[in-house]
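Source file: start-v1.cif; contents: mmCIF, N, CA and C atoms.
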data_upload
loop_
_atom_site.label_atom_id
_atom_site.label_comp_id
_atom_site.auth_asym_id
_atom_site.auth_seq_id
_atom_site.Cartn_x
_atom_site.Cartn_y
_atom_site.Cartn_z
N MET A 1 39.61 -45.15 67.96
CA MET A 1 39.16 -44.99 66.59
C MET A 1 37.68 -45.37 66.47
N LYS A 2 37.35 -46.49 67.08
CA LYS A 2 35.97 -46.97 67.02
C LYS A 2 35.01 -46.00 67.72
N LYS A 3 35.48 -45.44 68.82
CA LYS A 3 34.65 -44.50 69.59
C LYS A 3 34.43 -43.20 68.82
N LYS A 4 35.49 -42.68 68.17
CA LYS A 4 35.37 -41.45 67.39
C LYS A 4 34.45 -41.65 66.19
N LEU A 5 34.56 -42.79 65.53
CA LEU A 5 33.69 -43.09 64.40
C LEU A 5 32.23 -43.19 64.86
N SER A 6 32.01 -43.78 66.01
CA SER A 6 30.65 -43.88 66.55
C SER A 6 30.07 -42.50 66.84
N ILE A 7 30.88 -41.61 67.36
CA ILE A 7 30.41 -40.26 67.67
C ILE A 7 30.05 -39.50 66.40
N VAL A 8 30.89 -39.63 65.36
CA VAL A 8 30.62 -38.96 64.09
C VAL A 8 29.34 -39.48 63.46
N ILE A 9 29.17 -40.78 63.45
CA ILE A 9 27.96 -41.37 62.87
C ILE A 9 26.74 -41.00 63.69
N LEU A 10 26.87 -40.93 65.00
CA LEU A 10 25.76 -40.53 65.86
C LEU A 10 25.34 -39.09 65.58
N ILE A 11 26.30 -38.22 65.35
CA ILE A 11 25.99 -36.83 65.02
C ILE A 11 25.24 -36.75 63.69
N ILE A 12 25.71 -37.51 62.69
CA ILE A 12 25.02 -37.54 61.40
C ILE A 12 23.60 -38.07 61.57
N PHE A 13 23.43 -39.11 62.38
CA PHE A 13 22.11 -39.69 62.64
C PHE A 13 21.17 -38.66 63.26
N PHE A 14 21.66 -37.92 64.25
CA PHE A 14 20.81 -36.91 64.90
C PHE A 14 20.45 -35.78 63.96
N PHE A 15 21.37 -35.37 63.09
CA PHE A 15 21.04 -34.35 62.10
C PHE A 15 19.95 -34.83 61.14
N GLN A 16 20.03 -36.08 60.73
CA GLN A 16 19.02 -36.61 59.82
C GLN A 16 17.66 -36.72 60.51
N ILE A 17 17.64 -37.14 61.75
CA ILE A 17 16.39 -37.23 62.50
C ILE A 17 15.81 -35.83 62.72
N GLY A 18 16.67 -34.86 63.00
CA GLY A 18 16.20 -33.48 63.15
C GLY A 18 15.61 -32.95 61.86
N TYR A 19 16.23 -33.25 60.74
CA TYR A 19 15.72 -32.83 59.44
C TYR A 19 14.35 -33.46 59.17
N LEU A 20 14.24 -34.75 59.48
CA LEU A 20 12.96 -35.45 59.27
C LEU A 20 11.88 -34.92 60.19
N SER A 21 12.22 -34.63 61.43
CA SER A 21 11.21 -34.18 62.38
C SER A 21 10.70 -32.78 62.05
N TYR A 22 11.47 -32.02 61.28
CA TYR A 22 11.01 -30.69 60.88
C TYR A 22 10.08 -30.77 59.67
N TYR A 23 10.46 -31.55 58.67
CA TYR A 23 9.70 -31.57 57.42
C TYR A 23 8.58 -32.62 57.39
N LEU A 24 8.71 -33.70 58.12
CA LEU A 24 7.73 -34.77 58.05
C LEU A 24 6.32 -34.35 58.47
N PRO A 25 6.12 -33.62 59.57
CA PRO A 25 4.76 -33.19 59.91
C PRO A 25 4.14 -32.27 58.85
N GLN A 26 4.97 -31.42 58.23
CA GLN A 26 4.46 -30.54 57.18
C GLN A 26 3.96 -31.34 55.98
N ILE A 27 4.69 -32.37 55.63
CA ILE A 27 4.30 -33.20 54.49
C ILE A 27 3.05 -34.00 54.81
N ILE A 28 2.96 -34.52 56.02
CA ILE A 28 1.80 -35.32 56.40
C ILE A 28 0.55 -34.45 56.47
N LEU A 29 0.66 -33.25 57.01
CA LEU A 29 -0.51 -32.37 57.13
C LEU A 29 -1.00 -31.86 55.77
N THR A 30 -0.09 -31.60 54.86
CA THR A 30 -0.50 -31.09 53.54
C THR A 30 -0.90 -32.21 52.60
N GLY A 31 -0.51 -33.44 52.89
CA GLY A 31 -0.91 -34.57 52.06
C GLY A 31 -0.11 -34.69 50.77
N LYS A 32 1.04 -34.08 50.70
CA LYS A 32 1.88 -34.16 49.52
C LYS A 32 2.63 -35.49 49.49
N ASP A 33 3.19 -35.78 48.33
CA ASP A 33 4.07 -36.94 48.22
C ASP A 33 5.40 -36.61 48.89
N PHE A 34 6.10 -37.66 49.28
CA PHE A 34 7.39 -37.47 49.91
C PHE A 34 8.43 -37.10 48.86
N PRO A 35 9.10 -35.97 49.02
CA PRO A 35 10.15 -35.61 48.06
C PRO A 35 11.38 -36.51 48.23
N PRO A 36 12.22 -36.58 47.21
CA PRO A 36 13.42 -37.44 47.31
C PRO A 36 14.34 -37.08 48.47
N GLU A 37 14.36 -35.79 48.88
CA GLU A 37 15.25 -35.40 49.98
C GLU A 37 14.83 -36.07 51.29
N ILE A 38 13.53 -36.18 51.49
CA ILE A 38 13.03 -36.81 52.72
C ILE A 38 13.33 -38.31 52.70
N LYS A 39 13.13 -38.94 51.55
CA LYS A 39 13.42 -40.36 51.43
C LYS A 39 14.91 -40.63 51.66
N LEU A 40 15.76 -39.79 51.07
CA LEU A 40 17.20 -39.96 51.24
C LEU A 40 17.61 -39.76 52.69
N SER A 41 17.01 -38.80 53.37
CA SER A 41 17.31 -38.55 54.77
C SER A 41 16.92 -39.76 55.63
N ALA A 42 15.78 -40.36 55.34
CA ALA A 42 15.36 -41.54 56.09
C ALA A 42 16.29 -42.72 55.83
N ILE A 43 16.74 -42.87 54.59
CA ILE A 43 17.66 -43.96 54.27
C ILE A 43 19.00 -43.76 54.97
N ILE A 44 19.50 -42.53 54.97
CA ILE A 44 20.78 -42.25 55.64
C ILE A 44 20.67 -42.49 57.14
N ALA A 45 19.54 -42.09 57.74
CA ALA A 45 19.35 -42.33 59.18
C ALA A 45 19.32 -43.83 59.47
N GLY A 46 18.68 -44.60 58.62
CA GLY A 46 18.65 -46.05 58.81
C GLY A 46 20.01 -46.69 58.67
N ILE A 47 20.78 -46.24 57.70
CA ILE A 47 22.13 -46.77 57.52
C ILE A 47 23.00 -46.41 58.72
N CYS A 48 22.89 -45.18 59.19
CA CYS A 48 23.66 -44.76 60.37
C CYS A 48 23.30 -45.61 61.59
N LEU A 49 22.03 -45.89 61.75
CA LEU A 49 21.60 -46.72 62.88
C LEU A 49 22.17 -48.13 62.77
N GLY A 50 22.16 -48.69 61.56
CA GLY A 50 22.74 -50.01 61.35
C GLY A 50 24.22 -50.04 61.62
N VAL A 51 24.95 -49.02 61.17
CA VAL A 51 26.39 -48.96 61.41
C VAL A 51 26.68 -48.81 62.91
N LEU A 52 25.87 -48.01 63.60
CA LEU A 52 26.07 -47.86 65.05
C LEU A 52 25.85 -49.19 65.78
N LEU A 53 24.85 -49.93 65.36
CA LEU A 53 24.63 -51.24 65.99
C LEU A 53 25.75 -52.21 65.66
N PHE A 54 26.28 -52.11 64.43
CA PHE A 54 27.41 -52.96 64.04
C PHE A 54 28.65 -52.61 64.85
N LEU A 55 28.91 -51.32 65.05
CA LEU A 55 30.09 -50.90 65.80
C LEU A 55 29.98 -51.23 67.28
N LYS A 56 28.75 -51.32 67.77
CA LYS A 56 28.55 -51.65 69.18
C LYS A 56 29.07 -53.05 69.46
N GLY A 57 28.88 -53.95 68.52
CA GLY A 57 29.34 -55.31 68.70
C GLY A 57 28.30 -56.14 69.42
N TYR A 58 28.50 -57.42 69.39
CA TYR A 58 27.57 -58.33 70.03
C TYR A 58 28.00 -58.59 71.46
N THR A 59 27.10 -58.36 72.38
CA THR A 59 27.35 -58.69 73.78
C THR A 59 26.20 -59.56 74.26
N SER A 60 26.54 -60.71 74.72
CA SER A 60 25.53 -61.64 75.19
C SER A 60 25.09 -61.26 76.61
N PRO A 61 23.78 -61.20 76.85
CA PRO A 61 23.33 -60.87 78.21
C PRO A 61 23.52 -62.03 79.20
N PHE A 62 23.88 -63.21 78.70
CA PHE A 62 24.01 -64.38 79.56
C PHE A 62 25.44 -64.63 80.01
N LYS A 63 26.38 -63.75 79.63
CA LYS A 63 27.78 -63.95 80.07
C LYS A 63 27.98 -63.40 81.46
#

Can the structure in the file be given as structure tokens, please?
Amino acid sequence: MKKKLSIVILIIFFFQIGYLSYYLPQIILTGKDFPPEIKLSAIIAGICLGVLLFLKGYTSPFK
């Protein structure tokens, strides 16, 4: 269950990063303000990354 959830969240994360990598250079080059869709995509990618780190669990390198 944990592995399947990690895969689903990883797929969502990659889609959000792909969306950002397509539109972000266009926005930076034109000098426009960031639209709400870009901000929401960055927030979702950050949340996905946090959930993935949470699901990974804590492993001590000294064990």

task = In Å, rounded to a single decimal, give me how far atom N of Lys32 of chain A is from atom C of Cys48 of chain A.
result = 27.3 Å

query = Any idea what's packed within 8 Å of segment 33-38 of chain A, counting only N, CA and C atoms, ignoring anything in its chain fewer than 6 positions away? Could you give it as JSON, numbers by chain?
reply = {"A": [19, 20, 23, 24, 27, 44]}

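Interatomic distance, atom C of Phe62 of chain A against atom C of Ser6 of chain A: 26.2 Å.
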
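Note that the spacing between atom CA of Leu29 of chain A and atom CA of Ile43 of chain A amounts to 21.7 Å.
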
task = Please run DSSP on the backbone and report, as number ranges by chain, all residues within chain A that come out as alpha helix (DSSP H).
result = A: 2-30, 36-56

Residues of the last selection are to be written out with N, CA and C atoms, as a tab-separated table (two decimals), in the frame of the given file.
chain	number	residue	atom	x	y	z
A	2	LYS	N	37.35	-46.49	67.08
A	2	LYS	CA	35.97	-46.97	67.02
A	2	LYS	C	35.01	-46.00	67.72
A	3	LYS	N	35.48	-45.44	68.82
A	3	LYS	CA	34.65	-44.50	69.59
A	3	LYS	C	34.43	-43.20	68.82
A	4	LYS	N	35.49	-42.68	68.17
A	4	LYS	CA	35.37	-41.45	67.39
A	4	LYS	C	34.45	-41.65	66.19
A	5	LEU	N	34.56	-42.79	65.53
A	5	LEU	CA	33.69	-43.09	64.40
A	5	LEU	C	32.23	-43.19	64.86
A	6	SER	N	32.01	-43.78	66.01
A	6	SER	CA	30.65	-43.88	66.55
A	6	SER	C	30.07	-42.50	66.84
A	7	ILE	N	30.88	-41.61	67.36
A	7	ILE	CA	30.41	-40.26	67.67
A	7	ILE	C	30.05	-39.50	66.40
A	8	VAL	N	30.89	-39.63	65.36
A	8	VAL	CA	30.62	-38.96	64.09
A	8	VAL	C	29.34	-39.48	63.46
A	9	ILE	N	29.17	-40.78	63.45
A	9	ILE	CA	27.96	-41.37	62.87
A	9	ILE	C	26.74	-41.00	63.69
A	10	LEU	N	26.87	-40.93	65.00
A	10	LEU	CA	25.76	-40.53	65.86
A	10	LEU	C	25.34	-39.09	65.58
A	11	ILE	N	26.30	-38.22	65.35
A	11	ILE	CA	25.99	-36.83	65.02
A	11	ILE	C	25.24	-36.75	63.69
A	12	ILE	N	25.71	-37.51	62.69
A	12	ILE	CA	25.02	-37.54	61.40
A	12	ILE	C	23.60	-38.07	61.57
A	13	PHE	N	23.43	-39.11	62.38
A	13	PHE	CA	22.11	-39.69	62.64
A	13	PHE	C	21.17	-38.66	63.26
A	14	PHE	N	21.66	-37.92	64.25
A	14	PHE	CA	20.81	-36.91	64.90
A	14	PHE	C	20.45	-35.78	63.96
A	15	PHE	N	21.37	-35.37	63.09
A	15	PHE	CA	21.04	-34.35	62.10
A	15	PHE	C	19.95	-34.83	61.14
A	16	GLN	N	20.03	-36.08	60.73
A	16	GLN	CA	19.02	-36.61	59.82
A	16	GLN	C	17.66	-36.72	60.51
A	17	ILE	N	17.64	-37.14	61.75
A	17	ILE	CA	16.39	-37.23	62.50
A	17	ILE	C	15.81	-35.83	62.72
A	18	GLY	N	16.67	-34.86	63.00
A	18	GLY	CA	16.20	-33.48	63.15
A	18	GLY	C	15.61	-32.95	61.86
A	19	TYR	N	16.23	-33.25	60.74
A	19	TYR	CA	15.72	-32.83	59.44
A	19	TYR	C	14.35	-33.46	59.17
A	20	LEU	N	14.24	-34.75	59.48
A	20	LEU	CA	12.96	-35.45	59.27
A	20	LEU	C	11.88	-34.92	60.19
A	21	SER	N	12.22	-34.63	61.43
A	21	SER	CA	11.21	-34.18	62.38
A	21	SER	C	10.70	-32.78	62.05
A	22	TYR	N	11.47	-32.02	61.28
A	22	TYR	CA	11.01	-30.69	60.88
A	22	TYR	C	10.08	-30.77	59.67
A	23	TYR	N	10.46	-31.55	58.67
A	23	TYR	CA	9.70	-31.57	57.42
A	23	TYR	C	8.58	-32.62	57.39
A	24	LEU	N	8.71	-33.70	58.12
A	24	LEU	CA	7.73	-34.77	58.05
A	24	LEU	C	6.32	-34.35	58.47
A	25	PRO	N	6.12	-33.62	59.57
A	25	PRO	CA	4.76	-33.19	59.91
A	25	PRO	C	4.14	-32.27	58.85
A	26	GLN	N	4.97	-31.42	58.23
A	26	GLN	CA	4.46	-30.54	57.18
A	26	GLN	C	3.96	-31.34	55.98
A	27	ILE	N	4.69	-32.37	55.63
A	27	ILE	CA	4.30	-33.20	54.49
A	27	ILE	C	3.05	-34.00	54.81
A	28	ILE	N	2.96	-34.52	56.02
A	28	ILE	CA	1.80	-35.32	56.40
A	28	ILE	C	0.55	-34.45	56.47
A	29	LEU	N	0.66	-33.25	57.01
A	29	LEU	CA	-0.51	-32.37	57.13
A	29	LEU	C	-1.00	-31.86	55.77
A	30	THR	N	-0.09	-31.60	54.86
A	30	THR	CA	-0.50	-31.09	53.54
A	30	THR	C	-0.90	-32.21	52.60
A	36	PRO	N	12.22	-36.58	47.21
A	36	PRO	CA	13.42	-37.44	47.31
A	36	PRO	C	14.34	-37.08	48.47
A	37	GLU	N	14.36	-35.79	48.88
A	37	GLU	CA	15.25	-35.40	49.98
A	37	GLU	C	14.83	-36.07	51.29
A	38	ILE	N	13.53	-36.18	51.49
A	38	ILE	CA	13.03	-36.81	52.72
A	38	ILE	C	13.33	-38.31	52.70
A	39	LYS	N	13.13	-38.94	51.55
A	39	LYS	CA	13.42	-40.36	51.43
A	39	LYS	C	14.91	-40.63	51.66
A	40	LEU	N	15.76	-39.79	51.07
A	40	LEU	CA	17.20	-39.96	51.24
A	40	LEU	C	17.61	-39.76	52.69
A	41	SER	N	17.01	-38.80	53.37
A	41	SER	CA	17.31	-38.55	54.77
A	41	SER	C	16.92	-39.76	55.63
A	42	ALA	N	15.78	-40.36	55.34
A	42	ALA	CA	15.36	-41.54	56.09
A	42	ALA	C	16.29	-42.72	55.83
A	43	ILE	N	16.74	-42.87	54.59
A	43	ILE	CA	17.66	-43.96	54.27
A	43	ILE	C	19.00	-43.76	54.97
A	44	ILE	N	19.50	-42.53	54.97
A	44	ILE	CA	20.78	-42.25	55.64
A	44	ILE	C	20.67	-42.49	57.14
A	45	ALA	N	19.54	-42.09	57.74
A	45	ALA	CA	19.35	-42.33	59.18
A	45	ALA	C	19.32	-43.83	59.47
A	46	GLY	N	18.68	-44.60	58.62
A	46	GLY	CA	18.65	-46.05	58.81
A	46	GLY	C	20.01	-46.69	58.67
A	47	ILE	N	20.78	-46.24	57.70
A	47	ILE	CA	22.13	-46.77	57.52
A	47	ILE	C	23.00	-46.41	58.72
A	48	CYS	N	22.89	-45.18	59.19
A	48	CYS	CA	23.66	-44.76	60.37
A	48	CYS	C	23.30	-45.61	61.59
A	49	LEU	N	22.03	-45.89	61.75
A	49	LEU	CA	21.60	-46.72	62.88
A	49	LEU	C	22.17	-48.13	62.77
A	50	GLY	N	22.16	-48.69	61.56
A	50	GLY	CA	22.74	-50.01	61.35
A	50	GLY	C	24.22	-50.04	61.62
A	51	VAL	N	24.95	-49.02	61.17
A	51	VAL	CA	26.39	-48.96	61.41
A	51	VAL	C	26.68	-48.81	62.91
A	52	LEU	N	25.87	-48.01	63.60
A	52	LEU	CA	26.07	-47.86	65.05
A	52	LEU	C	25.85	-49.19	65.78
A	53	LEU	N	24.85	-49.93	65.36
A	53	LEU	CA	24.63	-51.24	65.99
A	53	LEU	C	25.75	-52.21	65.66
A	54	PHE	N	26.28	-52.11	64.43
A	54	PHE	CA	27.41	-52.96	64.04
A	54	PHE	C	28.65	-52.61	64.85
A	55	LEU	N	28.91	-51.32	65.05
A	55	LEU	CA	30.09	-50.90	65.80
A	55	LEU	C	29.98	-51.23	67.28
A	56	LYS	N	28.75	-51.32	67.77
A	56	LYS	CA	28.55	-51.65	69.18
A	56	LYS	C	29.07	-53.05	69.46
